[in-house]
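With PDB, C-alpha atoms, pLDDT in the B column inside, this is query_37.pdb:
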```pdb
ATOM      1  CA  MET A   1       0.000   0.000   0.000  1.00 43.00           C
ATOM      2  CA  ALA A   2       1.339   3.411  -0.940  1.00 48.00           C
ATOM      3  CA  ARG A   3       2.432   5.538   1.981  1.00 63.00           C
ATOM      4  CA  VAL A   4       0.345   8.678   2.492  1.00 67.00           C
ATOM      5  CA  SER A   5       2.499  11.818   2.331  1.00 82.00           C
ATOM      6  CA  GLN A   6       2.572  14.411   5.076  1.00 85.00           C
ATOM      7  CA  GLU A   7       1.395  16.977   2.515  1.00 86.00           C
ATOM      8  CA  HIS A   8      -1.723  14.891   1.913  1.00 82.00           C
ATOM      9  CA  LEU A   9      -2.385  14.545   5.640  1.00 84.00           C
ATOM     10  CA  ASP A  10      -1.948  18.290   6.178  1.00 85.00           C
ATOM     11  CA  ALA A  11      -4.249  19.090   3.252  1.00 87.00           C
ATOM     12  CA  ARG A  12      -6.943  16.756   4.572  1.00 90.00           C
ATOM     13  CA  ARG A  13      -6.736  18.295   8.037  1.00 90.00           C
ATOM     14  CA  ARG A  14      -7.007  21.758   6.452  1.00 88.00           C
ATOM     15  CA  GLN A  15     -10.073  20.623   4.508  1.00 89.00           C
ATOM     16  CA  ILE A  16     -11.779  19.442   7.695  1.00 92.00           C
ATOM     17  CA  LEU A  17     -10.961  22.578   9.677  1.00 89.00           C
ATOM     18  CA  ASP A  18     -12.154  24.885   6.892  1.00 86.00           C
ATOM     19  CA  GLY A  19     -15.407  22.956   6.551  1.00 89.00           C
ATOM     20  CA  ALA A  20     -16.016  22.999  10.296  1.00 90.00           C
ATOM     21  CA  ALA A  21     -15.271  26.714  10.554  1.00 85.00           C
ATOM     22  CA  ARG A  22     -17.730  27.480   7.758  1.00 84.00           C
ATOM     23  CA  CYS A  23     -20.426  25.419   9.492  1.00 88.00           C
ATOM     24  CA  PHE A  24     -19.817  26.988  12.891  1.00 85.00           C
ATOM     25  CA  ALA A  25     -19.754  30.506  11.447  1.00 79.00           C
ATOM     26  CA  ARG A  26     -22.944  29.917   9.446  1.00 80.00           C
ATOM     27  CA  ASN A  27     -25.083  27.952  11.910  1.00 82.00           C
ATOM     28  CA  GLY A  28     -23.531  28.386  15.330  1.00 80.00           C
ATOM     29  CA  PHE A  29     -21.552  25.952  17.414  1.00 82.00           C
ATOM     30  CA  HIS A  30     -24.384  24.104  19.139  1.00 83.00           C
ATOM     31  CA  ALA A  31     -26.648  23.946  16.079  1.00 88.00           C
ATOM     32  CA  THR A  32     -23.911  22.293  14.016  1.00 91.00           C
ATOM     33  CA  SER A  33     -23.638  18.516  14.097  1.00 92.00           C
ATOM     34  CA  MET A  34     -20.720  16.350  13.080  1.00 93.00           C
ATOM     35  CA  GLN A  35     -22.885  15.190  10.166  1.00 93.00           C
ATOM     36  CA  ASP A  36     -23.115  18.816   9.016  1.00 94.00           C
ATOM     37  CA  ILE A  37     -19.327  19.022   9.094  1.00 93.00           C
ATOM     38  CA  LEU A  38     -18.942  15.760   7.160  1.00 93.00           C
ATOM     39  CA  ARG A  39     -21.203  17.108   4.421  1.00 93.00           C
ATOM     40  CA  GLU A  40     -19.488  20.495   4.326  1.00 92.00           C
ATOM     41  CA  ALA A  41     -16.019  18.942   4.103  1.00 90.00           C
ATOM     42  CA  ASP A  42     -17.307  16.286   1.664  1.00 91.00           C
ATOM     43  CA  LEU A  43     -15.561  13.509   3.616  1.00 90.00           C
ATOM     44  CA  SER A  44     -16.524  10.247   5.262  1.00 90.00           C
ATOM     45  CA  ALA A  45     -16.897   9.875   9.022  1.00 91.00           C
ATOM     46  CA  GLY A  46     -13.774   7.721   9.135  1.00 90.00           C
ATOM     47  CA  ALA A  47     -11.712  10.378   7.358  1.00 89.00           C
ATOM     48  CA  VAL A  48     -12.823  13.111   9.761  1.00 92.00           C
ATOM     49  CA  TYR A  49     -12.641  11.093  12.991  1.00 92.00           C
ATOM     50  CA  ARG A  50      -9.094  10.107  12.146  1.00 91.00           C
ATOM     51  CA  TYR A  51      -8.155  13.705  12.919  1.00 93.00           C
ATOM     52  CA  PHE A  52     -10.851  14.976  15.293  1.00 93.00           C
ATOM     53  CA  ARG A  53     -13.053  12.957  17.645  1.00 90.00           C
ATOM     54  CA  SER A  54     -15.595  15.688  18.428  1.00 88.00           C
ATOM     55  CA  LYS A  55     -16.804  19.207  17.759  1.00 86.00           C
ATOM     56  CA  GLU A  56     -14.922  20.285  20.867  1.00 83.00           C
ATOM     57  CA  GLU A  57     -11.636  19.117  19.394  1.00 87.00           C
ATOM     58  CA  LEU A  58     -12.417  20.923  16.155  1.00 90.00           C
ATOM     59  CA  ILE A  59     -13.231  24.222  17.815  1.00 84.00           C
ATOM     60  CA  ALA A  60     -10.119  23.934  20.014  1.00 83.00           C
ATOM     61  CA  ALA A  61      -7.990  23.350  16.896  1.00 86.00           C
ATOM     62  CA  ILE A  62      -9.532  26.387  15.184  1.00 83.00           C
ATOM     63  CA  ALA A  63      -8.837  28.516  18.268  1.00 79.00           C
ATOM     64  CA  ASP A  64      -5.257  27.207  18.483  1.00 80.00           C
ATOM     65  CA  GLU A  65      -4.665  28.048  14.839  1.00 78.00           C
ATOM     66  CA  ALA A  66      -6.044  31.568  15.245  1.00 74.00           C
ATOM     67  CA  PHE A  67      -3.804  32.257  18.232  1.00 74.00           C
ATOM     68  CA  ALA A  68      -0.766  30.881  16.398  1.00 75.00           C
ATOM     69  CA  GLY A  69      -1.402  33.202  13.460  1.00 72.00           C
ATOM     70  CA  ILE A  70      -1.831  36.252  15.665  1.00 73.00           C
ATOM     71  CA  ARG A  71       1.234  35.438  17.752  1.00 74.00           C
ATOM     72  CA  GLY A  72       3.262  35.031  14.578  1.00 75.00           C
ATOM     73  CA  ALA A  73       2.231  38.474  13.323  1.00 73.00           C
ATOM     74  CA  PHE A  74       3.138  40.124  16.633  1.00 73.00           C
ATOM     75  CA  GLU A  75       6.457  38.277  16.928  1.00 74.00           C
ATOM     76  CA  GLU A  76       7.372  39.394  13.424  1.00 76.00           C
ATOM     77  CA  ALA A  77       6.482  42.971  14.353  1.00 70.00           C
ATOM     78  CA  ALA A  78       8.663  42.811  17.457  1.00 68.00           C
ATOM     79  CA  ARG A  79      11.655  41.908  15.252  1.00 77.00           C
ATOM     80  CA  THR A  80      11.070  44.960  13.019  1.00 77.00           C
ATOM     81  CA  THR A  81      13.062  48.126  13.754  1.00 79.00           C
ATOM     82  CA  PRO A  82      11.292  50.276  14.632  1.00 82.00           C
ATOM     83  CA  PRO A  83       8.228  48.085  15.300  1.00 82.00           C
ATOM     84  CA  PRO A  84       4.892  49.199  13.805  1.00 87.00           C
ATOM     85  CA  THR A  85       2.811  51.322  16.141  1.00 89.00           C
ATOM     86  CA  PRO A  86      -0.254  49.719  17.826  1.00 90.00           C
ATOM     87  CA  ASP A  87      -2.743  51.220  15.382  1.00 92.00           C
ATOM     88  CA  VAL A  88      -0.872  49.790  12.395  1.00 90.00           C
ATOM     89  CA  LEU A  89      -0.211  46.426  14.021  1.00 87.00           C
ATOM     90  CA  LEU A  90      -3.720  45.855  15.373  1.00 89.00           C
ATOM     91  CA  GLY A  91      -5.164  46.966  12.065  1.00 88.00           C
ATOM     92  CA  ARG A  92      -2.955  44.521  10.181  1.00 83.00           C
ATOM     93  CA  VAL A  93      -3.833  41.572  12.439  1.00 81.00           C
ATOM     94  CA  LEU A  94      -7.572  42.293  12.630  1.00 83.00           C
ATOM     95  CA  ARG A  95      -7.798  42.837   8.901  1.00 82.00           C
ATOM     96  CA  ARG A  96      -6.242  39.425   8.388  1.00 77.00           C
ATOM     97  CA  MET A  97      -8.602  37.819  10.901  1.00 74.00           C
ATOM     98  CA  THR A  98     -11.848  39.486   9.902  1.00 73.00           C
ATOM     99  CA  GLU A  99     -11.425  40.282   6.210  1.00 73.00           C
ATOM    100  CA  GLU A 100      -8.749  38.242   4.467  1.00 69.00           C
ATOM    101  CA  GLN A 101      -9.082  34.791   6.082  1.00 64.00           C
ATOM    102  CA  VAL A 102     -12.782  34.480   6.918  1.00 63.00           C
ATOM    103  CA  PRO A 103     -14.319  31.015   6.398  1.00 57.00           C
ATOM    104  CA  GLY A 104     -17.383  31.399   4.200  1.00 55.00           C
ATOM    105  CA  GLY A 105     -16.626  35.094   3.625  1.00 60.00           C
ATOM    106  CA  ASP A 106     -19.137  36.331   6.239  1.00 69.00           C
ATOM    107  CA  LYS A 107     -17.303  38.682   8.612  1.00 75.00           C
ATOM    108  CA  GLN A 108     -20.118  39.011  11.118  1.00 79.00           C
ATOM    109  CA  ALA A 109     -20.820  35.267  11.240  1.00 77.00           C
ATOM    110  CA  PHE A 110     -17.152  34.562  11.862  1.00 77.00           C
ATOM    111  CA  ALA A 111     -16.958  37.206  14.610  1.00 82.00           C
ATOM    112  CA  ARG A 112     -20.005  35.579  16.214  1.00 82.00           C
ATOM    113  CA  LEU A 113     -18.152  32.273  16.079  1.00 80.00           C
ATOM    114  CA  VAL A 114     -15.301  33.847  18.040  1.00 82.00           C
ATOM    115  CA  VAL A 115     -17.754  35.123  20.665  1.00 85.00           C
ATOM    116  CA  GLN A 116     -19.301  31.644  20.819  1.00 82.00           C
ATOM    117  CA  VAL A 117     -15.865  30.223  21.559  1.00 82.00           C
ATOM    118  CA  TRP A 118     -15.436  32.678  24.421  1.00 84.00           C
ATOM    119  CA  THR A 119     -18.833  31.703  25.830  1.00 84.00           C
ATOM    120  CA  GLU A 120     -18.154  27.995  25.426  1.00 82.00           C
ATOM    121  CA  THR A 121     -15.083  28.253  27.655  1.00 83.00           C
ATOM    122  CA  LEU A 122     -17.422  28.818  30.622  1.00 85.00           C
ATOM    123  CA  ARG A 123     -18.501  25.166  30.482  1.00 82.00           C
ATOM    124  CA  ASN A 124     -15.767  23.428  28.468  1.00 82.00           C
ATOM    125  CA  GLU A 125     -12.549  22.925  30.441  1.00 85.00           C
ATOM    126  CA  GLN A 126     -10.511  21.830  27.420  1.00 80.00           C
ATOM    127  CA  LEU A 127     -11.478  24.897  25.431  1.00 80.00           C
ATOM    128  CA  ALA A 128     -10.977  27.127  28.480  1.00 86.00           C
ATOM    129  CA  ALA A 129      -7.432  25.787  28.812  1.00 86.00           C
ATOM    130  CA  THR A 130      -6.785  26.424  25.120  1.00 82.00           C
ATOM    131  CA  LEU A 131      -8.084  29.986  25.385  1.00 83.00           C
ATOM    132  CA  GLU A 132      -6.148  30.694  28.575  1.00 88.00           C
ATOM    133  CA  GLU A 133      -2.936  29.382  27.044  1.00 86.00           C
ATOM    134  CA  GLY A 134      -3.496  31.510  23.962  1.00 82.00           C
ATOM    135  CA  TYR A 135      -4.285  34.587  26.037  1.00 87.00           C
ATOM    136  CA  ASP A 136      -1.167  34.141  28.182  1.00 89.00           C
ATOM    137  CA  GLY A 137       0.914  33.702  25.039  1.00 84.00           C
ATOM    138  CA  MET A 138      -0.522  36.889  23.582  1.00 84.00           C
ATOM    139  CA  ARG A 139       0.299  38.817  26.752  1.00 89.00           C
ATOM    140  CA  GLN A 140       3.894  37.624  26.612  1.00 87.00           C
ATOM    141  CA  VAL A 141       4.281  38.539  22.945  1.00 84.00           C
ATOM    142  CA  TRP A 142       2.727  41.975  23.457  1.00 85.00           C
ATOM    143  CA  ALA A 143       4.968  42.570  26.492  1.00 87.00           C
ATOM    144  CA  LYS A 144       8.011  41.872  24.282  1.00 85.00           C
ATOM    145  CA  LEU A 145       6.624  44.294  21.723  1.00 85.00           C
ATOM    146  CA  VAL A 146       6.278  46.958  24.437  1.00 88.00           C
ATOM    147  CA  ASP A 147       9.950  46.380  25.251  1.00 88.00           C
ATOM    148  CA  ALA A 148      10.743  46.943  21.567  1.00 86.00           C
ATOM    149  CA  TYR A 149       8.746  50.200  21.602  1.00 88.00           C
ATOM    150  CA  ARG A 150      10.746  51.363  24.621  1.00 89.00           C
ATOM    151  CA  ASP A 151      14.079  50.357  23.104  1.00 88.00           C
ATOM    152  CA  ASN A 152      13.193  52.528  20.099  1.00 86.00           C
ATOM    153  CA  GLY A 153      12.110  55.468  22.252  1.00 88.00           C
ATOM    154  CA  LEU A 154       8.437  55.156  21.267  1.00 86.00           C
ATOM    155  CA  MET A 155       6.970  54.499  24.721  1.00 89.00           C
ATOM    156  CA  GLY A 156       7.782  55.485  28.282  1.00 88.00           C
ATOM    157  CA  ALA A 157       8.565  53.028  31.053  1.00 89.00           C
ATOM    158  CA  ASP A 158       6.118  54.280  33.683  1.00 91.00           C
ATOM    159  CA  VAL A 159       3.429  51.622  32.969  1.00 91.00           C
ATOM    160  CA  PRO A 160       4.090  47.868  33.312  1.00 93.00           C
ATOM    161  CA  ALA A 161       4.368  46.131  29.940  1.00 91.00           C
ATOM    162  CA  ASP A 162       1.703  43.585  30.920  1.00 92.00           C
ATOM    163  CA  HIS A 163      -0.805  46.401  31.553  1.00 93.00           C
ATOM    164  CA  VAL A 164      -0.234  47.705  28.037  1.00 91.00           C
ATOM    165  CA  ALA A 165      -0.522  44.179  26.631  1.00 89.00           C
ATOM    166  CA  ARG A 166      -3.851  43.536  28.361  1.00 92.00           C
ATOM    167  CA  THR A 167      -5.237  46.840  27.124  1.00 93.00           C
ATOM    168  CA  LEU A 168      -4.304  46.175  23.505  1.00 89.00           C
ATOM    169  CA  ILE A 169      -5.748  42.660  23.652  1.00 88.00           C
ATOM    170  CA  ALA A 170      -8.953  44.122  25.107  1.00 92.00           C
ATOM    171  CA  THR A 171      -9.084  46.558  22.192  1.00 92.00           C
ATOM    172  CA  ALA A 172      -8.909  43.702  19.696  1.00 88.00           C
ATOM    173  CA  GLN A 173     -11.529  41.712  21.613  1.00 89.00           C
ATOM    174  CA  GLY A 174     -13.829  44.736  21.701  1.00 92.00           C
ATOM    175  CA  PHE A 175     -13.532  45.158  17.945  1.00 90.00           C
ATOM    176  CA  ILE A 176     -14.476  41.512  17.386  1.00 88.00           C
ATOM    177  CA  ALA A 177     -17.428  41.854  19.789  1.00 91.00           C
ATOM    178  CA  GLN A 178     -18.672  44.923  17.883  1.00 91.00           C
ATOM    179  CA  GLN A 179     -18.395  43.051  14.601  1.00 88.00           C
ATOM    180  CA  ALA A 180     -20.371  40.140  16.084  1.00 87.00           C
ATOM    181  CA  LEU A 181     -23.105  42.341  17.558  1.00 89.00           C
ATOM    182  CA  PHE A 182     -23.507  45.048  14.936  1.00 89.00           C
ATOM    183  CA  GLY A 183     -21.643  43.983  11.789  1.00 83.00           C
ATOM    184  CA  ASP A 184     -20.018  46.238   9.199  1.00 79.00           C
ATOM    185  CA  VAL A 185     -17.293  47.427  11.587  1.00 84.00           C
ATOM    186  CA  GLN A 186     -14.367  48.671   9.524  1.00 88.00           C
ATOM    187  CA  VAL A 187     -10.786  48.056  10.631  1.00 90.00           C
ATOM    188  CA  ASP A 188      -9.708  51.498   9.421  1.00 92.00           C
ATOM    189  CA  VAL A 189     -12.116  53.037  11.963  1.00 92.00           C
ATOM    190  CA  LEU A 190     -10.203  51.269  14.749  1.00 92.00           C
ATOM    191  CA  GLU A 191      -6.895  52.393  13.253  1.00 93.00           C
ATOM    192  CA  ASP A 192      -8.081  56.010  13.082  1.00 95.00           C
ATOM    193  CA  GLY A 193      -9.375  55.918  16.660  1.00 94.00           C
ATOM    194  CA  LEU A 194      -6.164  54.464  18.052  1.00 93.00           C
ATOM    195  CA  ARG A 195      -4.087  56.938  16.068  1.00 93.00           C
ATOM    196  CA  ALA A 196      -6.093  59.828  17.518  1.00 93.00           C
ATOM    197  CA  LEU A 197      -5.723  58.532  21.078  1.00 90.00           C
ATOM    198  CA  MET A 198      -1.996  58.009  20.590  1.00 87.00           C
ATOM    199  CA  SER A 199      -1.604  61.630  19.457  1.00 86.00           C
ATOM    200  CA  MET A 200      -3.153  63.190  22.578  1.00 83.00           C
ATOM    201  CA  GLY A 201       0.177  63.814  24.270  1.00 69.00           C
ATOM    202  CA  ASP A 202       1.484  65.561  21.157  1.00 61.00           C
ATOM    203  CA  THR A 203      -1.445  67.956  20.796  1.00 53.00           C
ATOM    204  CA  LYS A 204      -1.734  71.220  22.696  1.00 53.00           C
ATOM    205  CA  ILE A 205      -5.240  72.519  23.338  1.00 50.00           C
ATOM    206  CA  SER A 206      -5.393  76.230  22.560  1.00 48.00           C
TER     207      SER A 206
END
```

Can the structure in the file be given as structure tokens, please?
Amino acid sequence: MARVSQEHLDARRRQILDGAARCFARNGFHATSMQDILREADLSAGAVYRYFRSKEELIAAIADEAFAGIRGAFEEAARTTPPPTPDVLLGRVLRRMTEEQVPGGDKQAFARLVVQVWTETLRNEQLAATLEEGYDGMRQVWAKLVDAYRDNGLMGADVPADHVARTLIATAQGFIAQQALFGDVQVDVLEDGLRALMSMGDTKIS
């Protein structure tokens, strides 16, 4: 029997995750069955269960992947000299999350999926652990980015780096919540708002 290549295995896993994400974004987490996912991915039960045993494992994998992508973008920014300012960086990451890589192409449905994941962590210990690990990783990456801002003379040292990290993460979470609740929230609006807030110390009121 021919040996299955790693590329084939990775492609099949990608096919399953994309199908599941489209189902969850379109119909909601609890209203989606594994049968729905099988149909969306156009695969047999055996093919899917080889990779994921439940919806919970699928949603945890989707969350893991999202965190990995965001962490990668921030880590890359921290290596840039000087690093992009928060408005540029958050805009870049959120645009990727909510516009460029949206399963099914529905920004609001996908944002609602993210909010569903947050809610699901209140009763699902595995997902809660995944989210907590991702959140802690994001705080660490943002704290390193704050250090890079300070090394380049872009930010003072009077506020702990973790406080800045938590605030920027909260900003991103708030944007996603607005997209889920109201829809049609533009990333450039967030960029403009952050840019205005960042300029307050440079502006003298006459």

Please determine the residues with any atom at most 7 Å from (1.0, 41.6, 13.1) (coordinates as given in the file, with all atoms listed in the file counting) and report them as a PDB file with C-alpha atoms, keeping the file's coordinate frame.
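Produced file result-v3.pdb, reproduced below:
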```
ATOM      1  CA  ILE A  70      -1.831  36.252  15.665  1.00 73.00           C
ATOM      2  CA  ALA A  73       2.231  38.474  13.323  1.00 73.00           C
ATOM      3  CA  PHE A  74       3.138  40.124  16.633  1.00 73.00           C
ATOM      4  CA  GLU A  76       7.372  39.394  13.424  1.00 76.00           C
ATOM      5  CA  ALA A  77       6.482  42.971  14.353  1.00 70.00           C
ATOM      6  CA  LEU A  89      -0.211  46.426  14.021  1.00 87.00           C
ATOM      7  CA  LEU A  90      -3.720  45.855  15.373  1.00 89.00           C
ATOM      8  CA  ARG A  92      -2.955  44.521  10.181  1.00 83.00           C
ATOM      9  CA  VAL A  93      -3.833  41.572  12.439  1.00 81.00           C
TER      10      VAL A  93
END
```

Could you list the residues chosen by the PyMOL selection byres ((chain A and resi 145-156) around 9) in this structure as a ChimeraX atom specification? /A:74-75,77-85,140-144,157-159,161-162,164-165

Give me, as an MDAnalysis selection string, all polymer residues having an atom no more than 7 Å from range 56-61 of chain A, counting all atoms listed in the file and skipping those fewer than 4 positions away in the same chain. chainID A and resid 17 52 65 127 130

CA of Ala128 in chain A and CA of Leu190 in chain A, how far apart in Å?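 Atom-to-atom, CA of Leu190 in chain A and CA of Ala128 in chain A are spaced 27.8 Å apart.
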
Which residues are near Phe29 in chain A? Cut-off 9 Å, all atoms listed in the file, ignore same chain within fewer than 4 positions. Put them as a ChimeraX atom specification. /A:23-25,33,55,59,113,116-117,120

Env of Phe67 in chain A: 9 Å cut, atoms = all atoms listed in the file, seq-sep filter 6 positions within chain, self excluded. Answer as a PyMOL selection string. chain A and resi 131+134-135+137-138

Pick from A:Ala66, A:Ala172, A:Leu197, A:Ala109 nearest to Asn27 in chain A, counting only C-alpha atoms: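 For Asn27 in chain A, the nearest of the candidates is A:Ala109.
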
Calculate how many Å separate CA of Phe175 in chain A from CA of Thr98 in chain A, rounding to one decimal. 10.0 Å

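Shortest separation to Leu168 in chain A among A:Val185, A:Leu43, A:Leu194, A:Val115 occurs at residue A:Leu194, atoms counted being all atoms listed in the file.
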
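Each of A:Asp42, A:Asp18, A:Asp87, A:Asp64 was checked against Ala196 in chain A using only C-alpha atoms; the smallest atom-to-atom distance is that of A:Asp87.
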
So how far away is CA of Tyr51 in chain A from CA of His8 in chain A, in Å?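 If I compute the distance from CA of His8 in chain A to CA of Tyr51 in chain A, I get 12.8 Å.
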
Give me the box for range 193-200 of chain A as lines of an AutoDock Vina configuration file, namely the centre and edge lengths in Å to one decimal of a box along x, y and z that holds every listed atom plus 4 Å on each side.
```
center_x = -5.5
center_y = 58.8
center_z = 19.3
size_x = 15.8
size_y = 16.7
size_z = 14.5
```

Show which residues sit within 9 Å of Ala45 in chain A, as a VMD selection string. Count only C-alpha atoms, and ignore same-chain residues fewer than 3 positions away. chain A and resid 34 to 35 38 48 to 50

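Checking A:Val187, A:Met200, A:Val88, A:Met97 one by one against Ala63 in chain A, counting only C-alpha atoms, you find the shortest gap at A:Met97.
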
For the structure provided, state which residues fall under the PyMOL selection byres ((chain A and resi 108) around 10), and present them as a PyMOL selection string. chain A and resi 25-26+98+102+105-107+109-114+176-185
